[in-house]
Structure formats: structure tokens, C-alpha cells
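Printed here is target-v3.pdb (PDB, N, CA and C atoms):
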```
ATOM      1  N   MET X   1     110.272 157.618  99.837  1.00  0.00           N
ATOM      2  CA  MET X   1     110.163 158.663 100.850  1.00  0.00           C
ATOM      3  C   MET X   1     111.388 158.641 101.773  1.00  0.00           C
ATOM      4  N   THR X   2     111.870 159.800 102.109  1.00  0.00           N
ATOM      5  CA  THR X   2     112.979 159.875 103.059  1.00  0.00           C
ATOM      6  C   THR X   2     112.440 159.809 104.478  1.00  0.00           C
ATOM      7  N   LYS X   3     113.274 159.306 105.356  1.00  0.00           N
ATOM      8  CA  LYS X   3     112.851 159.166 106.749  1.00  0.00           C
ATOM      9  C   LYS X   3     112.954 160.490 107.493  1.00  0.00           C
ATOM     10  N   ARG X   4     112.206 160.600 108.574  1.00  0.00           N
ATOM     11  CA  ARG X   4     112.281 161.803 109.399  1.00  0.00           C
ATOM     12  C   ARG X   4     113.618 161.818 110.130  1.00  0.00           C
ATOM     13  N   THR X   5     114.089 162.992 110.475  1.00  0.00           N
ATOM     14  CA  THR X   5     115.411 163.111 111.078  1.00  0.00           C
ATOM     15  C   THR X   5     115.456 162.606 112.510  1.00  0.00           C
ATOM     16  N   LEU X   6     114.358 162.799 113.237  1.00  0.00           N
ATOM     17  CA  LEU X   6     114.375 162.410 114.637  1.00  0.00           C
ATOM     18  C   LEU X   6     113.328 161.344 114.911  1.00  0.00           C
ATOM     19  N   GLY X   7     113.789 160.143 115.281  1.00  0.00           N
ATOM     20  CA  GLY X   7     112.862 159.056 115.551  1.00  0.00           C
ATOM     21  C   GLY X   7     112.648 158.872 117.032  1.00  0.00           C
ATOM     22  N   GLY X   8     112.048 157.740 117.420  1.00  0.00           N
ATOM     23  CA  GLY X   8     111.856 157.445 118.828  1.00  0.00           C
ATOM     24  C   GLY X   8     110.437 157.713 119.290  1.00  0.00           C
ATOM     25  N   THR X   9     110.008 156.956 120.278  1.00  0.00           N
ATOM     26  CA  THR X   9     108.665 157.139 120.801  1.00  0.00           C
ATOM     27  C   THR X   9     108.735 157.773 122.179  1.00  0.00           C
ATOM     28  N   SER X  10     107.639 158.431 122.560  1.00  0.00           N
ATOM     29  CA  SER X  10     107.626 159.118 123.855  1.00  0.00           C
ATOM     30  C   SER X  10     107.662 158.134 125.013  1.00  0.00           C
ATOM     31  N   ARG X  11     107.123 156.938 124.818  1.00  0.00           N
ATOM     32  CA  ARG X  11     107.135 155.937 125.884  1.00  0.00           C
ATOM     33  C   ARG X  11     108.566 155.489 126.169  1.00  0.00           C
ATOM     34  N   LYS X  12     109.305 155.222 125.110  1.00  0.00           N
ATOM     35  CA  LYS X  12     110.702 154.818 125.245  1.00  0.00           C
ATOM     36  C   LYS X  12     111.504 155.934 125.927  1.00  0.00           C
ATOM     37  N   ARG X  13     111.228 157.182 125.499  1.00  0.00           N
ATOM     38  CA  ARG X  13     111.922 158.339 126.049  1.00  0.00           C
ATOM     39  C   ARG X  13     111.704 158.451 127.553  1.00  0.00           C
ATOM     40  N   LYS X  14     110.456 158.243 127.979  1.00  0.00           N
ATOM     41  CA  LYS X  14     110.125 158.296 129.398  1.00  0.00           C
ATOM     42  C   LYS X  14     110.823 157.178 130.163  1.00  0.00           C
ATOM     43  N   ARG X  15     110.802 155.978 129.590  1.00  0.00           N
ATOM     44  CA  ARG X  15     111.362 154.823 130.275  1.00  0.00           C
ATOM     45  C   ARG X  15     112.876 154.898 130.418  1.00  0.00           C
ATOM     46  N   VAL X  16     113.496 155.541 129.450  1.00  0.00           N
ATOM     47  CA  VAL X  16     114.956 155.627 129.482  1.00  0.00           C
ATOM     48  C   VAL X  16     115.449 156.826 130.273  1.00  0.00           C
ATOM     49  N   SER X  17     114.838 157.989 130.025  1.00  0.00           N
ATOM     50  CA  SER X  17     115.378 159.199 130.640  1.00  0.00           C
ATOM     51  C   SER X  17     114.341 160.049 131.349  1.00  0.00           C
ATOM     52  N   GLY X  18     113.333 159.410 131.929  1.00  0.00           N
ATOM     53  CA  GLY X  18     112.334 160.145 132.694  1.00  0.00           C
ATOM     54  C   GLY X  18     112.813 160.457 134.107  1.00  0.00           C
ATOM     55  N   PHE X  19     112.041 161.256 134.807  1.00  0.00           N
ATOM     56  CA  PHE X  19     112.429 161.676 136.156  1.00  0.00           C
ATOM     57  C   PHE X  19     112.496 160.501 137.127  1.00  0.00           C
ATOM     58  N   ARG X  20     111.465 159.631 137.095  1.00  0.00           N
ATOM     59  CA  ARG X  20     111.419 158.499 138.020  1.00  0.00           C
ATOM     60  C   ARG X  20     112.600 157.551 137.811  1.00  0.00           C
ATOM     61  N   VAL X  21     112.962 157.358 136.575  1.00  0.00           N
ATOM     62  CA  VAL X  21     114.088 156.470 136.248  1.00  0.00           C
ATOM     63  C   VAL X  21     115.397 157.057 136.755  1.00  0.00           C
ATOM     64  N   ARG X  22     115.537 158.391 136.600  1.00  0.00           N
ATOM     65  CA  ARG X  22     116.752 159.058 137.073  1.00  0.00           C
ATOM     66  C   ARG X  22     116.912 158.922 138.589  1.00  0.00           C
ATOM     67  N   MET X  23     115.794 159.069 139.306  1.00  0.00           N
ATOM     68  CA  MET X  23     115.859 159.038 140.757  1.00  0.00           C
ATOM     69  C   MET X  23     116.137 157.642 141.313  1.00  0.00           C
ATOM     70  N   ARG X  24     115.980 156.637 140.474  1.00  0.00           N
ATOM     71  CA  ARG X  24     116.181 155.265 140.921  1.00  0.00           C
ATOM     72  C   ARG X  24     117.636 154.961 141.275  1.00  0.00           C
ATOM     73  N   THR X  25     118.567 155.522 140.499  1.00  0.00           N
ATOM     74  CA  THR X  25     119.981 155.215 140.726  1.00  0.00           C
ATOM     75  C   THR X  25     120.706 156.407 141.338  1.00  0.00           C
ATOM     76  N   HIS X  26     121.852 156.117 141.915  1.00  0.00           N
ATOM     77  CA  HIS X  26     122.653 157.156 142.552  1.00  0.00           C
ATOM     78  C   HIS X  26     123.186 158.131 141.507  1.00  0.00           C
ATOM     79  N   THR X  27     123.655 157.596 140.393  1.00  0.00           N
ATOM     80  CA  THR X  27     124.191 158.468 139.344  1.00  0.00           C
ATOM     81  C   THR X  27     123.093 159.296 138.702  1.00  0.00           C
ATOM     82  N   GLY X  28     121.903 158.708 138.593  1.00  0.00           N
ATOM     83  CA  GLY X  28     120.758 159.441 138.052  1.00  0.00           C
ATOM     84  C   GLY X  28     120.388 160.613 138.945  1.00  0.00           C
ATOM     85  N   GLN X  29     120.448 160.374 140.242  1.00  0.00           N
ATOM     86  CA  GLN X  29     120.167 161.436 141.215  1.00  0.00           C
ATOM     87  C   GLN X  29     121.198 162.540 141.088  1.00  0.00           C
ATOM     88  N   ARG X  30     122.434 162.134 140.792  1.00  0.00           N
ATOM     89  CA  ARG X  30     123.503 163.109 140.612  1.00  0.00           C
ATOM     90  C   ARG X  30     123.232 163.977 139.384  1.00  0.00           C
ATOM     91  N   VAL X  31     122.681 163.361 138.338  1.00  0.00           N
ATOM     92  CA  VAL X  31     122.323 164.090 137.121  1.00  0.00           C
ATOM     93  C   VAL X  31     121.285 165.159 137.436  1.00  0.00           C
ATOM     94  N   ILE X  32     120.229 164.748 138.138  1.00  0.00           N
ATOM     95  CA  ILE X  32     119.157 165.684 138.511  1.00  0.00           C
ATOM     96  C   ILE X  32     119.694 166.807 139.386  1.00  0.00           C
ATOM     97  N   ARG X  33     120.554 166.429 140.340  1.00  0.00           N
ATOM     98  CA  ARG X  33     121.127 167.412 141.262  1.00  0.00           C
ATOM     99  C   ARG X  33     121.941 168.459 140.506  1.00  0.00           C
ATOM    100  N   SER X  34     122.762 167.996 139.571  1.00  0.00           N
ATOM    101  CA  SER X  34     123.610 168.921 138.830  1.00  0.00           C
ATOM    102  C   SER X  34     122.786 169.820 137.906  1.00  0.00           C
ATOM    103  N   ARG X  35     121.704 169.270 137.358  1.00  0.00           N
ATOM    104  CA  ARG X  35     120.840 170.077 136.511  1.00  0.00           C
ATOM    105  C   ARG X  35     120.079 171.116 137.329  1.00  0.00           C
ATOM    106  N   ARG X  36     119.709 170.753 138.569  1.00  0.00           N
ATOM    107  CA  ARG X  36     119.065 171.712 139.474  1.00  0.00           C
ATOM    108  C   ARG X  36     120.037 172.844 139.791  1.00  0.00           C
ATOM    109  N   ARG X  37     121.287 172.454 140.072  1.00  0.00           N
ATOM    110  CA  ARG X  37     122.302 173.431 140.436  1.00  0.00           C
ATOM    111  C   ARG X  37     122.564 174.400 139.287  1.00  0.00           C
ATOM    112  N   LYS X  38     122.517 173.870 138.082  1.00  0.00           N
ATOM    113  CA  LYS X  38     122.759 174.704 136.914  1.00  0.00           C
ATOM    114  C   LYS X  38     121.576 175.625 136.630  1.00  0.00           C
ATOM    115  N   GLY X  39     120.418 175.260 137.173  1.00  0.00           N
ATOM    116  CA  GLY X  39     119.239 176.088 137.007  1.00  0.00           C
ATOM    117  C   GLY X  39     118.462 175.767 135.739  1.00  0.00           C
ATOM    118  N   ARG X  40     118.486 174.516 135.354  1.00  0.00           N
ATOM    119  CA  ARG X  40     117.774 174.101 134.142  1.00  0.00           C
ATOM    120  C   ARG X  40     116.263 174.214 134.334  1.00  0.00           C
ATOM    121  N   TYR X  41     115.603 174.614 133.238  1.00  0.00           N
ATOM    122  CA  TYR X  41     114.138 174.721 133.285  1.00  0.00           C
ATOM    123  C   TYR X  41     113.529 173.329 133.332  1.00  0.00           C
ATOM    124  N   ARG X  42     114.071 172.412 132.511  1.00  0.00           N
ATOM    125  CA  ARG X  42     113.607 171.025 132.521  1.00  0.00           C
ATOM    126  C   ARG X  42     114.685 170.120 133.093  1.00  0.00           C
ATOM    127  N   LEU X  43     114.363 169.441 134.171  1.00  0.00           N
ATOM    128  CA  LEU X  43     115.336 168.559 134.803  1.00  0.00           C
ATOM    129  C   LEU X  43     115.471 167.265 134.027  1.00  0.00           C
ATOM    130  N   SER X  44     114.343 166.735 133.590  1.00  0.00           N
ATOM    131  CA  SER X  44     114.353 165.520 132.778  1.00  0.00           C
ATOM    132  C   SER X  44     113.149 165.550 131.855  1.00  0.00           C
ATOM    133  N   VAL X  45     112.973 164.485 131.085  1.00  0.00           N
ATOM    134  CA  VAL X  45     111.879 164.423 130.120  1.00  0.00           C
ATOM    135  C   VAL X  45     110.548 164.242 130.841  1.00  0.00           C
TER     136      VAL X  45
END
```

Write the structure described by the file as C-alpha cells, please.
Amino acid sequence: MTKRTLGGTSRKRKRVSGFRVRMRTHTGQRVIRSRRRKGRYRLSV
């Protein structure tokens, strides 16, 4: 059997790139800020 193209678990995804994690660091806050400025529908996972 061939493997699926996209792996990863939702828990890992949340822990790495979730909203709370982003807000923890200064650079993460900058990411959220820039995405807000751009008008993104989803700021983070």
C-alpha cells in the first residue's frame, strides 16, 4: 500500500502552530499580527 500524501496528527499541529503557542512568543505574536493585517480568515490552526 502507498502512504497518504499528508501525514501528521491534529494534536501535534495544535501544539506546534496553534493560537496559544503563537501568542507565547514575540515572533509568534508578530505572525498573528501580520495575518490579521492581511485579513486572513484563519489566523492559526

message: Could you tell me how far atom C of Ile32 in chain X sits from atom C of Arg15 in chain X, in Å to one decimal place?
response: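 Interatomic distance here is 16.4 Å.
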
Using all atoms of range 22-38 of chain X listed in the file and a margin of 5 Å per side, can you give the axis-aligned box centre and edge lengths in Å to one decimal, as AutoDock Vina command-line options?
```
--center_x 119.9 --center_y 165.3 --center_z 139.5 --size_x 18.7 --size_y 30.7 --size_z 16.0
```

query: Ser44 in chain X: which residues within 7 Å, counting only C-alpha atoms, same-chain residues fewer than 3 positions away excluded, as a ChimeraX atom specification?
result: /X:17-19

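A straight line drawn from atom N of Arg42 in chain X to CA of Lys3 in chain X is 29.0 Å long.
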
message: Applying 9 Å and only C-alpha atoms, which residues near Arg22 in chain X remain after dropping the ones on its own chain fewer than 6 positions away? List them as number ranges by chain.
response: X: 16, 28-32, 44

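The coordinates place CA of Arg35 in chain X at 21.3 Å from CA of Ser10 in chain X.
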
message: So that I can check the secondary structure, give me every residue of chain X assigned alpha helix (DSSP H) by backbone DSSP, as an MDAnalysis selection string.
response: chainID X and resid 10:17 19:24 26:38
